[in-house]
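File shown here: protein_21.txt, holding compact mmCIF, C-alpha atoms.
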```
# COMPACT_ATOMS: atom_id res chain seq x y z
CA MET A 1191 -7.29 -168.76 -37.77
CA ILE A 1192 -9.37 -169.74 -34.72
CA GLU A 1193 -11.81 -171.56 -37.04
CA LYS A 1194 -9.01 -173.92 -38.10
CA PHE A 1195 -8.56 -175.12 -34.53
CA LEU A 1196 -12.30 -175.42 -33.91
CA ASN A 1197 -12.76 -177.45 -37.10
CA LEU A 1198 -9.85 -179.71 -36.17
CA THR A 1199 -11.35 -180.26 -32.72
CA ILE A 1200 -14.60 -181.43 -34.32
CA GLU A 1201 -12.82 -183.49 -36.98
CA LYS A 1202 -10.72 -185.34 -34.37
CA LYS A 1203 -13.79 -185.82 -32.13
CA ALA A 1204 -11.95 -184.09 -29.30
CA SER A 1205 -13.72 -183.16 -26.09
CA ASP A 1206 -11.47 -180.16 -25.37
CA LEU A 1207 -9.19 -177.65 -27.08
CA HIS A 1208 -6.56 -175.61 -25.22
CA LEU A 1209 -5.05 -172.45 -26.67
CA SER A 1210 -2.47 -171.01 -24.31
CA ALA A 1211 0.19 -168.34 -24.65
CA ASN A 1212 3.69 -169.84 -25.03
CA ASN A 1213 2.24 -173.36 -25.52
CA ILE A 1214 1.49 -175.52 -28.56
CA PRO A 1215 -2.28 -175.85 -29.24
CA THR A 1216 -3.54 -179.06 -27.63
CA ILE A 1217 -6.69 -181.17 -27.86
CA ARG A 1218 -8.04 -183.91 -25.60
CA VAL A 1219 -9.26 -187.07 -27.37
CA ASN A 1220 -10.78 -189.90 -25.30
CA GLY A 1221 -9.15 -188.45 -22.19
CA SER A 1222 -5.64 -188.10 -23.65
CA LEU A 1223 -3.91 -184.81 -24.56
CA ASN A 1224 -2.49 -184.46 -28.09
CA LYS A 1225 -0.51 -181.52 -29.48
CA ILE A 1226 -1.77 -180.23 -32.84
CA GLY A 1227 1.20 -178.59 -34.49
CA TRP A 1228 4.65 -177.47 -33.46
CA LYS A 1229 4.38 -173.70 -33.12
CA LYS A 1230 3.65 -172.10 -29.77
CA SER A 1231 0.75 -169.62 -29.62
CA ASP A 1232 1.55 -166.02 -28.71
CA SER A 1233 -0.53 -163.91 -26.38
CA ASP A 1234 -1.59 -161.45 -29.12
CA PHE A 1235 -3.21 -164.28 -31.09
CA ILE A 1236 -5.04 -165.52 -27.99
CA ASN A 1237 -6.21 -162.01 -27.11
CA GLU A 1238 -7.58 -161.47 -30.62
CA ALA A 1239 -9.41 -164.79 -30.40
CA VAL A 1240 -10.89 -163.87 -27.03
CA LYS A 1241 -12.05 -160.50 -28.38
CA LYS A 1242 -13.71 -162.24 -31.33
CA LEU A 1243 -15.43 -164.89 -29.21
CA LEU A 1244 -16.68 -162.85 -26.24
CA PRO A 1245 -19.48 -160.27 -26.18
CA GLU A 1246 -18.18 -156.75 -25.50
CA GLN A 1247 -19.28 -156.72 -21.85
CA LYS A 1248 -17.56 -160.03 -21.07
CA PHE A 1249 -14.41 -159.00 -22.96
CA LYS A 1250 -14.13 -155.92 -20.73
CA ILE A 1251 -14.25 -158.19 -17.68
CA PHE A 1252 -11.52 -160.38 -19.20
CA ALA A 1253 -9.39 -157.36 -20.15
CA ASN A 1254 -9.54 -156.21 -16.52
CA GLY A 1255 -7.83 -159.43 -15.48
CA ASP A 1256 -10.73 -161.69 -14.54
CA GLU A 1257 -11.68 -165.15 -15.81
CA VAL A 1258 -14.78 -165.38 -18.01
CA ASP A 1259 -17.14 -168.24 -18.94
CA HIS A 1260 -19.06 -168.15 -22.20
CA SER A 1261 -20.64 -170.45 -24.76
CA PHE A 1262 -21.39 -170.03 -28.45
CA ARG A 1263 -22.98 -171.90 -31.32
CA TYR A 1264 -20.69 -173.12 -34.09
CA HIS A 1265 -21.62 -174.44 -37.53
CA ASP A 1266 -23.03 -177.94 -38.18
CA GLY A 1267 -24.90 -178.09 -34.89
CA TYR A 1268 -21.94 -177.77 -32.51
CA ARG A 1269 -21.52 -175.50 -29.51
CA PHE A 1270 -18.43 -174.64 -27.52
CA ARG A 1271 -18.24 -173.77 -23.84
CA ILE A 1272 -15.17 -171.68 -23.12
CA ASN A 1273 -13.25 -170.34 -20.15
CA CYS A 1274 -10.93 -167.41 -20.88
CA PHE A 1275 -8.22 -166.73 -18.30
CA HIS A 1276 -4.70 -165.40 -17.78
CA ASN A 1277 -1.50 -167.29 -16.98
CA ILE A 1278 2.08 -166.14 -16.31
CA HIS A 1279 2.81 -165.99 -20.06
CA GLY A 1280 -0.39 -164.23 -21.16
CA SER A 1281 -3.88 -165.32 -22.15
CA SER A 1282 -5.46 -168.76 -22.43
CA ILE A 1283 -8.73 -170.26 -23.66
CA SER A 1284 -10.07 -173.68 -22.74
CA PHE A 1285 -12.80 -174.94 -25.09
CA ARG A 1286 -15.26 -177.76 -24.37
CA CYS A 1287 -16.84 -179.11 -27.56
CA LEU A 1288 -20.56 -179.84 -27.30
CA ASP A 1289 -22.51 -181.66 -29.98
CA ASN A 1290 -25.92 -179.99 -29.81
CA ASN A 1291 -27.50 -183.16 -31.13
CA ILE A 1292 -28.56 -184.00 -27.57
CA ARG A 1293 -28.11 -187.68 -26.81
CA SER A 1294 -30.94 -189.73 -25.30
CA LEU A 1295 -30.78 -191.79 -22.12
CA ASP A 1296 -30.56 -194.88 -24.31
CA ASP A 1297 -27.66 -193.33 -26.26
CA ILE A 1298 -25.62 -192.89 -23.09
CA MET A 1299 -26.60 -196.39 -21.89
CA ALA A 1300 -28.24 -194.97 -18.76
CA PRO A 1301 -29.96 -197.52 -16.49
CA GLU A 1302 -33.78 -197.60 -16.58
CA ILE A 1303 -33.94 -196.02 -13.12
CA PHE A 1304 -32.97 -192.71 -14.76
CA LYS A 1305 -36.33 -192.65 -16.58
CA ASP A 1306 -38.09 -193.28 -13.26
CA LEU A 1307 -36.30 -190.29 -11.74
CA CYS A 1308 -37.57 -188.15 -14.63
CA GLN A 1309 -41.13 -188.94 -13.53
CA LEU A 1310 -40.72 -187.62 -9.98
CA GLU A 1311 -43.05 -184.81 -8.97
CA ASN A 1312 -40.69 -183.24 -6.45
CA GLY A 1313 -37.42 -183.73 -4.60
CA LEU A 1314 -33.70 -183.23 -5.22
CA VAL A 1315 -31.66 -185.31 -7.67
CA ILE A 1316 -27.89 -184.75 -7.60
CA VAL A 1317 -25.61 -185.65 -10.53
CA SER A 1318 -21.99 -185.63 -9.37
CA GLY A 1319 -18.55 -186.29 -10.74
CA THR A 1320 -15.28 -184.59 -11.57
CA THR A 1321 -14.90 -181.98 -14.31
CA GLY A 1322 -15.28 -183.66 -17.70
CA SER A 1323 -17.12 -186.71 -16.37
CA GLY A 1324 -20.21 -186.13 -18.53
CA LYS A 1325 -22.57 -184.62 -15.93
CA SER A 1326 -23.95 -182.05 -18.39
CA THR A 1327 -24.54 -184.75 -21.03
CA THR A 1328 -26.46 -186.91 -18.53
CA LEU A 1329 -28.63 -184.01 -17.37
CA ALA A 1330 -29.27 -182.95 -20.98
CA ALA A 1331 -30.40 -186.52 -21.76
CA MET A 1332 -32.75 -186.50 -18.76
CA ILE A 1333 -34.23 -183.14 -19.75
CA LYS A 1334 -34.61 -184.43 -23.32
CA HIS A 1335 -36.54 -187.46 -22.02
CA ILE A 1336 -38.86 -185.25 -19.97
CA ASN A 1337 -39.28 -182.88 -22.92
CA LEU A 1338 -40.38 -185.72 -25.20
CA HIS A 1339 -42.79 -187.38 -22.76
CA TYR A 1340 -44.16 -184.96 -20.15
CA LYS A 1341 -45.93 -181.60 -20.12
CA LYS A 1342 -43.70 -179.88 -17.59
CA HIS A 1343 -42.40 -176.33 -17.17
CA ILE A 1344 -38.62 -176.59 -16.91
CA ILE A 1345 -36.39 -173.69 -15.85
CA SER A 1346 -32.67 -174.36 -16.39
CA ILE A 1347 -30.06 -172.10 -14.75
CA GLU A 1348 -26.56 -172.57 -16.18
CA ASP A 1349 -23.13 -170.93 -16.35
CA PRO A 1350 -22.92 -170.94 -19.28
CA VAL A 1351 -25.78 -172.62 -21.16
CA GLU A 1352 -24.29 -175.67 -22.85
CA TYR A 1353 -27.02 -177.65 -24.64
CA ILE A 1354 -29.87 -175.74 -26.27
CA HIS A 1355 -33.25 -177.42 -25.79
CA GLU A 1356 -36.23 -176.73 -28.05
CA SER A 1357 -39.55 -177.06 -26.24
CA ASN A 1358 -41.54 -180.13 -27.26
CA GLN A 1359 -44.07 -181.57 -24.81
CA ALA A 1360 -42.42 -179.50 -22.09
CA LEU A 1361 -41.96 -175.73 -21.88
CA ILE A 1362 -38.22 -175.12 -21.40
CA GLU A 1363 -36.68 -171.79 -20.40
CA GLN A 1364 -32.89 -171.57 -20.13
CA ILE A 1365 -31.20 -168.82 -18.11
CA GLU A 1366 -27.50 -168.00 -18.39
CA ILE A 1367 -25.54 -166.53 -15.48
CA GLY A 1368 -24.02 -163.16 -16.39
CA GLN A 1369 -26.18 -162.87 -19.49
CA ASN A 1370 -29.73 -163.15 -18.11
CA THR A 1371 -29.20 -163.05 -14.33
CA LYS A 1372 -26.56 -162.13 -11.75
CA SER A 1373 -26.08 -165.45 -9.97
CA PHE A 1374 -27.43 -168.96 -9.40
CA ALA A 1375 -28.94 -167.87 -6.10
CA ASN A 1376 -30.62 -164.82 -7.64
CA ALA A 1377 -32.10 -166.82 -10.53
CA LEU A 1378 -33.19 -169.66 -8.26
CA LYS A 1379 -34.87 -167.29 -5.81
CA HIS A 1380 -36.97 -165.78 -8.60
CA SER A 1381 -37.55 -169.04 -10.47
CA MET A 1382 -39.80 -170.33 -7.69
CA ARG A 1383 -42.21 -167.50 -8.57
CA GLN A 1384 -42.23 -168.47 -12.26
CA ASP A 1385 -44.47 -171.56 -11.94
CA PRO A 1386 -41.81 -174.23 -12.64
CA ASP A 1387 -42.38 -177.95 -12.28
CA ILE A 1388 -38.67 -178.71 -12.69
CA ILE A 1389 -35.63 -176.56 -11.92
CA LEU A 1390 -32.16 -177.47 -13.20
CA ILE A 1391 -29.21 -175.88 -11.41
CA GLY A 1392 -26.04 -176.14 -13.49
CA GLU A 1393 -23.82 -176.15 -10.41
CA ILE A 1394 -24.32 -175.63 -6.68
CA ARG A 1395 -21.45 -173.40 -5.57
CA ASP A 1396 -22.43 -171.80 -2.29
CA LEU A 1397 -24.56 -172.03 0.84
CA GLU A 1398 -27.34 -169.76 -0.42
CA THR A 1399 -27.82 -171.77 -3.63
CA MET A 1400 -27.80 -175.03 -1.66
CA GLN A 1401 -30.36 -173.69 0.80
CA LEU A 1402 -32.64 -172.48 -2.01
CA ALA A 1403 -32.30 -175.82 -3.85
CA LEU A 1404 -33.40 -177.72 -0.73
CA THR A 1405 -36.28 -175.29 -0.19
CA ALA A 1406 -37.42 -175.66 -3.82
CA ALA A 1407 -37.30 -179.45 -3.55
CA GLU A 1408 -39.21 -179.34 -0.26
CA THR A 1409 -41.95 -177.06 -1.63
CA GLY A 1410 -43.12 -179.25 -4.50
CA HIS A 1411 -40.52 -178.82 -7.25
CA LEU A 1412 -38.27 -181.42 -8.86
CA VAL A 1413 -34.72 -180.06 -8.69
CA PHE A 1414 -31.77 -181.41 -10.69
CA ALA A 1415 -28.32 -180.14 -9.71
CA THR A 1416 -24.64 -181.00 -10.09
CA LEU A 1417 -21.80 -181.25 -7.58
CA HIS A 1418 -18.08 -181.86 -8.06
CA THR A 1419 -17.82 -184.95 -5.86
CA ASN A 1420 -16.61 -188.50 -6.45
CA SER A 1421 -19.30 -190.54 -4.70
CA ALA A 1422 -22.79 -190.41 -3.24
CA TYR A 1423 -21.24 -190.45 0.24
CA GLN A 1424 -19.09 -187.40 -0.58
CA SER A 1425 -22.06 -185.59 -2.14
CA ILE A 1426 -24.14 -185.85 1.01
CA ASN A 1427 -21.21 -184.77 3.19
CA ARG A 1428 -20.53 -181.82 0.86
CA ILE A 1429 -24.14 -180.63 1.13
CA ILE A 1430 -24.17 -180.87 4.92
CA ASP A 1431 -20.69 -179.38 5.38
CA VAL A 1432 -21.63 -176.20 3.51
CA PHE A 1433 -23.84 -175.19 6.44
CA PRO A 1434 -22.77 -173.80 9.85
CA GLU A 1435 -22.45 -176.32 12.68
CA ASN A 1436 -25.60 -175.09 14.43
CA ASP A 1437 -27.69 -175.75 11.30
CA LYS A 1438 -26.40 -179.22 10.44
CA ASN A 1439 -29.10 -181.21 12.27
CA THR A 1440 -31.82 -179.17 10.56
CA ILE A 1441 -30.18 -179.68 7.16
CA ARG A 1442 -29.84 -183.43 7.76
CA SER A 1443 -33.57 -183.54 8.45
CA MET A 1444 -34.40 -181.46 5.35
CA LEU A 1445 -32.08 -183.55 3.18
CA SER A 1446 -33.54 -186.83 4.43
CA ILE A 1447 -36.97 -185.60 3.32
CA SER A 1448 -36.12 -183.92 -0.01
CA LEU A 1449 -33.19 -185.91 -1.46
CA GLU A 1450 -34.39 -188.53 -3.96
CA ALA A 1451 -31.20 -189.76 -5.60
CA VAL A 1452 -27.49 -189.19 -6.15
CA ILE A 1453 -25.91 -190.27 -9.42
CA CYS A 1454 -22.12 -190.21 -9.45
CA GLN A 1455 -20.38 -190.85 -12.75
CA LYS A 1456 -17.07 -191.06 -14.55
CA LEU A 1457 -16.03 -191.79 -18.13
CA VAL A 1458 -14.14 -194.99 -18.96
CA ARG A 1459 -12.56 -196.22 -22.18
CA LYS A 1460 -14.54 -198.72 -24.26
CA LYS A 1461 -12.85 -201.69 -25.91
CA THR A 1462 -14.17 -200.55 -29.29
CA GLY A 1463 -12.82 -197.00 -28.87
CA GLY A 1464 -14.30 -193.90 -27.34
CA ARG A 1465 -15.66 -193.67 -23.82
CA CYS A 1466 -18.84 -194.46 -21.95
CA ALA A 1467 -20.20 -193.43 -18.57
CA ALA A 1468 -20.00 -195.60 -15.48
CA PHE A 1469 -22.50 -194.77 -12.73
CA GLU A 1470 -22.83 -195.11 -8.99
CA ILE A 1471 -26.53 -194.81 -8.15
CA MET A 1472 -27.96 -194.11 -4.72
CA ILE A 1473 -31.75 -194.04 -4.34
CA CYS A 1474 -33.07 -192.50 -1.14
CA ASN A 1475 -35.17 -195.32 0.28
CA SER A 1476 -36.21 -195.34 3.94
CA ALA A 1477 -32.89 -196.88 5.05
CA ILE A 1478 -30.81 -194.18 3.31
CA LYS A 1479 -33.07 -191.42 4.63
CA ASN A 1480 -32.61 -192.75 8.16
CA LEU A 1481 -28.81 -192.81 7.76
CA ILE A 1482 -28.83 -189.16 6.65
CA ARG A 1483 -31.15 -188.06 9.44
CA THR A 1484 -29.17 -189.84 12.19
CA ASN A 1485 -25.75 -188.69 10.95
CA ALA A 1486 -24.68 -192.21 9.95
CA VAL A 1487 -23.72 -191.28 6.40
CA HIS A 1488 -20.56 -193.41 6.69
CA ASN A 1489 -22.82 -196.49 6.31
CA ILE A 1490 -24.29 -195.37 2.99
CA ASN A 1491 -21.85 -197.39 0.86
CA SER A 1492 -23.06 -200.59 2.55
CA SER A 1493 -26.67 -199.64 1.84
CA ILE A 1494 -25.85 -199.02 -1.82
CA GLU A 1495 -24.25 -202.48 -2.04
CA THR A 1496 -27.40 -204.14 -0.69
CA GLY A 1497 -29.93 -201.87 -2.42
CA SER A 1498 -30.02 -203.37 -5.93
CA LYS A 1499 -33.80 -203.98 -5.68
CA SER A 1500 -34.27 -200.20 -5.39
CA GLY A 1501 -32.08 -199.57 -8.46
CA MET A 1502 -28.88 -198.86 -6.54
CA ILE A 1503 -25.42 -199.94 -7.63
CA SER A 1504 -21.90 -199.10 -6.50
CA MET A 1505 -19.31 -197.75 -8.93
CA GLN A 1506 -17.22 -200.90 -8.54
CA ASN A 1507 -20.17 -203.15 -9.38
CA TYR A 1508 -21.15 -200.99 -12.34
CA LEU A 1509 -17.61 -201.18 -13.76
CA GLN A 1510 -17.67 -204.96 -13.27
CA LYS A 1511 -21.00 -205.09 -15.10
CA LEU A 1512 -19.51 -203.18 -18.06
CA ALA A 1513 -16.56 -205.58 -18.09
CA ASN A 1514 -18.89 -208.60 -18.00
CA GLN A 1515 -20.77 -207.15 -20.99
CA ASN A 1516 -17.43 -206.87 -22.84
CA ILE A 1517 -17.86 -203.09 -23.13
CA ILE A 1518 -14.71 -202.22 -21.21
CA ASP A 1519 -11.49 -204.07 -20.53
CA PRO A 1520 -11.62 -205.89 -17.17
CA ILE A 1521 -8.52 -203.97 -16.07
CA ASN A 1522 -10.66 -200.78 -16.07
CA ALA A 1523 -13.04 -202.36 -13.57
CA PHE A 1524 -10.43 -202.24 -10.80
```

As structure tokens, please, write out the structure in this file.
Amino acid sequence: MIEKFLNLTIEKKASDLHLSANNIPTIRVNGSLNKIGWKKSDSDFINEAVKKLLPEQKFKIFANGDEVDHSFRYHDGYRFRINCFHNIHGSSISFRCLDNNIRSLDDIMAPEIFKDLCQLENGLVIVSGTTGSGKSTTLAAMIKHINLHYKKHIISIEDPVEYIHESNQALIEQIEIGQNTKSFANALKHSMRQDPDIILIGEIRDLETMQLALTAAETGHLVFATLHTNSAYQSINRIIDVFPENDKNTIRSMLSISLEAVICQKLVRKKTGGRCAAFEIMICNSAIKNLIRTNAVHNINSSIETGSKSGMISMQNYLQKLANQNIIDPINAF
């Protein structure tokens, strides 16, 4: 029965599928929710689906009342990332559909500066945005570009692993939280002893992971990581605010040295159907680094506006650019 819903999700080109006790199965297509049927799911059906989808160890965690993340390969080159959880009516599963045909930077219409960032030898590159904004797709495209063009050792730490990369020019090792390691911090701590050139952190969630990411970037590694923030300004504040007050000046100094770029993105509807990514891009030139170091982050938006020669662009200007290219409706640029 679960296969019917997964097949329909793929057929309708939906990004998400929601199976929830006492609710009608629902998919998300181009950002909008659509019910698929009329019959509400019961908790027994959801529980059976969870038991079928999760490994035994993870199912035990779920059965004890906790939420569980997992991913699995489906037929025809698709993968699904799932979160299994409990609500007041019973069990629920949220599916994110992932086409394992990893898109290139050109496919996602990424600016050329993204390819320049892939050539960096060290430093921290943050990709930010809300849930479902395409952060994982962008990072997968960047790793794909590196994999096709550079002989680098890439260690990717994810929860769960979403896109599966096959090593080409690069050597890629993917580590899944809960399956291959205990935590992001634990994997990151050990990864620096595994001779990586590039470390990808699926999500920075706590102080220890943030501290290790900055240390890795400062000690000669290129670090890609994601944050759930809506702008470059918010991303920098989020990083600094994680640390105790007494450490903030030290962290500002470290960040001004190691941060190379912040890419903030969201998905917008195209005039021809479907969605594309819109990007805010902040490149850490000397002016930006000075603003971070001197605690004048509130002026960063102005520097982005005037930093087009360095490859920077504000979200508003990027949306206007898409509208001028007739890719999106002008109303979506405001």

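Residues near the point (-27.0, -175.0, -26.1), at a distance of 8 Å or less over only C-alpha atoms, make up Ser1261, Phe1262, Arg1263, Arg1269, Asn1290, Val1351, Glu1352, Tyr1353, Ile1354 and His1355 of chain A.
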
Using 10 Å as the limit and counting only C-alpha atoms, can you tabulate each residue of segment 1380-1456 of chain A that touches segment 1361-1366 of chain A, with its shortest atom-to-atom distance in Å and the two atoms involved, as a Markdown table?
```
| residue | atom | partner | partner_atom | distance |
| --- | --- | --- | --- | --- |
| A:Ser1381 | CA | A:Ile1365 | CA | 9.9 |
| A:Pro1386 | CA | A:Leu1361 | CA | 9.4 |
| A:Asp1387 | CA | A:Leu1361 | CA | 9.9 |
| A:Ile1388 | CA | A:Ile1362 | CA | 9.4 |
| A:Ile1389 | CA | A:Glu1363 | CA | 9.8 |
| A:Leu1390 | CA | A:Gln1364 | CA | 9.1 |
| A:Ile1391 | CA | A:Ile1365 | CA | 9.9 |
| A:Gly1392 | CA | A:Glu1366 | CA | 9.6 |
```

Best match for closeness to Glu1238 of chain A among A:Met1191, A:Ile1251, A:Leu1404, A:Asn1475, counting all atoms listed in the file: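 Using all atoms listed in the file, the shortest distance to Glu1238 of chain A belongs to A:Met1191.
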
Nearby residues (all atoms listed in the file) at most 8 Å from segment 1457-1465 of chain A, same-chain spacing under 6 positions excluded, as a list in words: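 The filter keeps Asn1220, Ser1323, Gly1324, Asn1516, Ile1517, Ile1518, Asp1519 and Asn1522 of chain A.
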
Segment 1354-1364 of chain A, all listed atoms, 5 Å padding on each side: what axis-aligned box centre and edge lengths in Å to one decimal come out, as lines of an AutoDock Vina configuration file?
```
center_x = -37.0
center_y = -176.6
center_z = -24.1
size_x = 24.2
size_y = 20.0
size_z = 17.9
```

Which residue of A:Ser1498, A:Ser1425, A:Thr1399, A:Ser1318 approaches Leu1378 of chain A most closely, using all atoms listed in the file: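 Of A:Ser1498, A:Ser1425, A:Thr1399, A:Ser1318, the one nearest Leu1378 of chain A, counting all atoms listed in the file, is A:Thr1399.
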
Contacts of Ile1298 of chain A at 8 Å (all atoms listed in the file; same-chain gap of 3+ positions) as a ChimeraX atom specification: /A:1293-1295,1328,1466-1467

Those same residues - C-alpha atoms - I'd like them written as an mmCIF file, in the frame of the given file.
```cif
data_model
loop_
_atom_site.group_PDB
_atom_site.id
_atom_site.type_symbol
_atom_site.label_atom_id
_atom_site.label_comp_id
_atom_site.auth_asym_id
_atom_site.auth_seq_id
_atom_site.Cartn_x
_atom_site.Cartn_y
_atom_site.Cartn_z
ATOM 1 C CA ARG A 1293 -28.110 -187.680 -26.810
ATOM 2 C CA SER A 1294 -30.940 -189.730 -25.300
ATOM 3 C CA LEU A 1295 -30.780 -191.790 -22.120
ATOM 4 C CA THR A 1328 -26.460 -186.910 -18.530
ATOM 5 C CA CYS A 1466 -18.840 -194.460 -21.950
ATOM 6 C CA ALA A 1467 -20.200 -193.430 -18.570
#
```

Contacts of Asn1485 of chain A at 12 Å (all atoms listed in the file; same-chain gap of 6+ positions) as a list in words: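 Final neighbour list, sorted by chain and number: Tyr1423, Ile1426, Asn1427, Ile1430, Asp1431, Lys1438, Asn1439, Thr1440, Ile1441, Arg1442, Ser1443, Leu1445, Ser1446, Ile1478 and Lys1479 of chain A.
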
Atom CA of Ala1407 of chain A to atom CA of Asp1306 of chain A, straight-line distance in Å: 16.9 Å
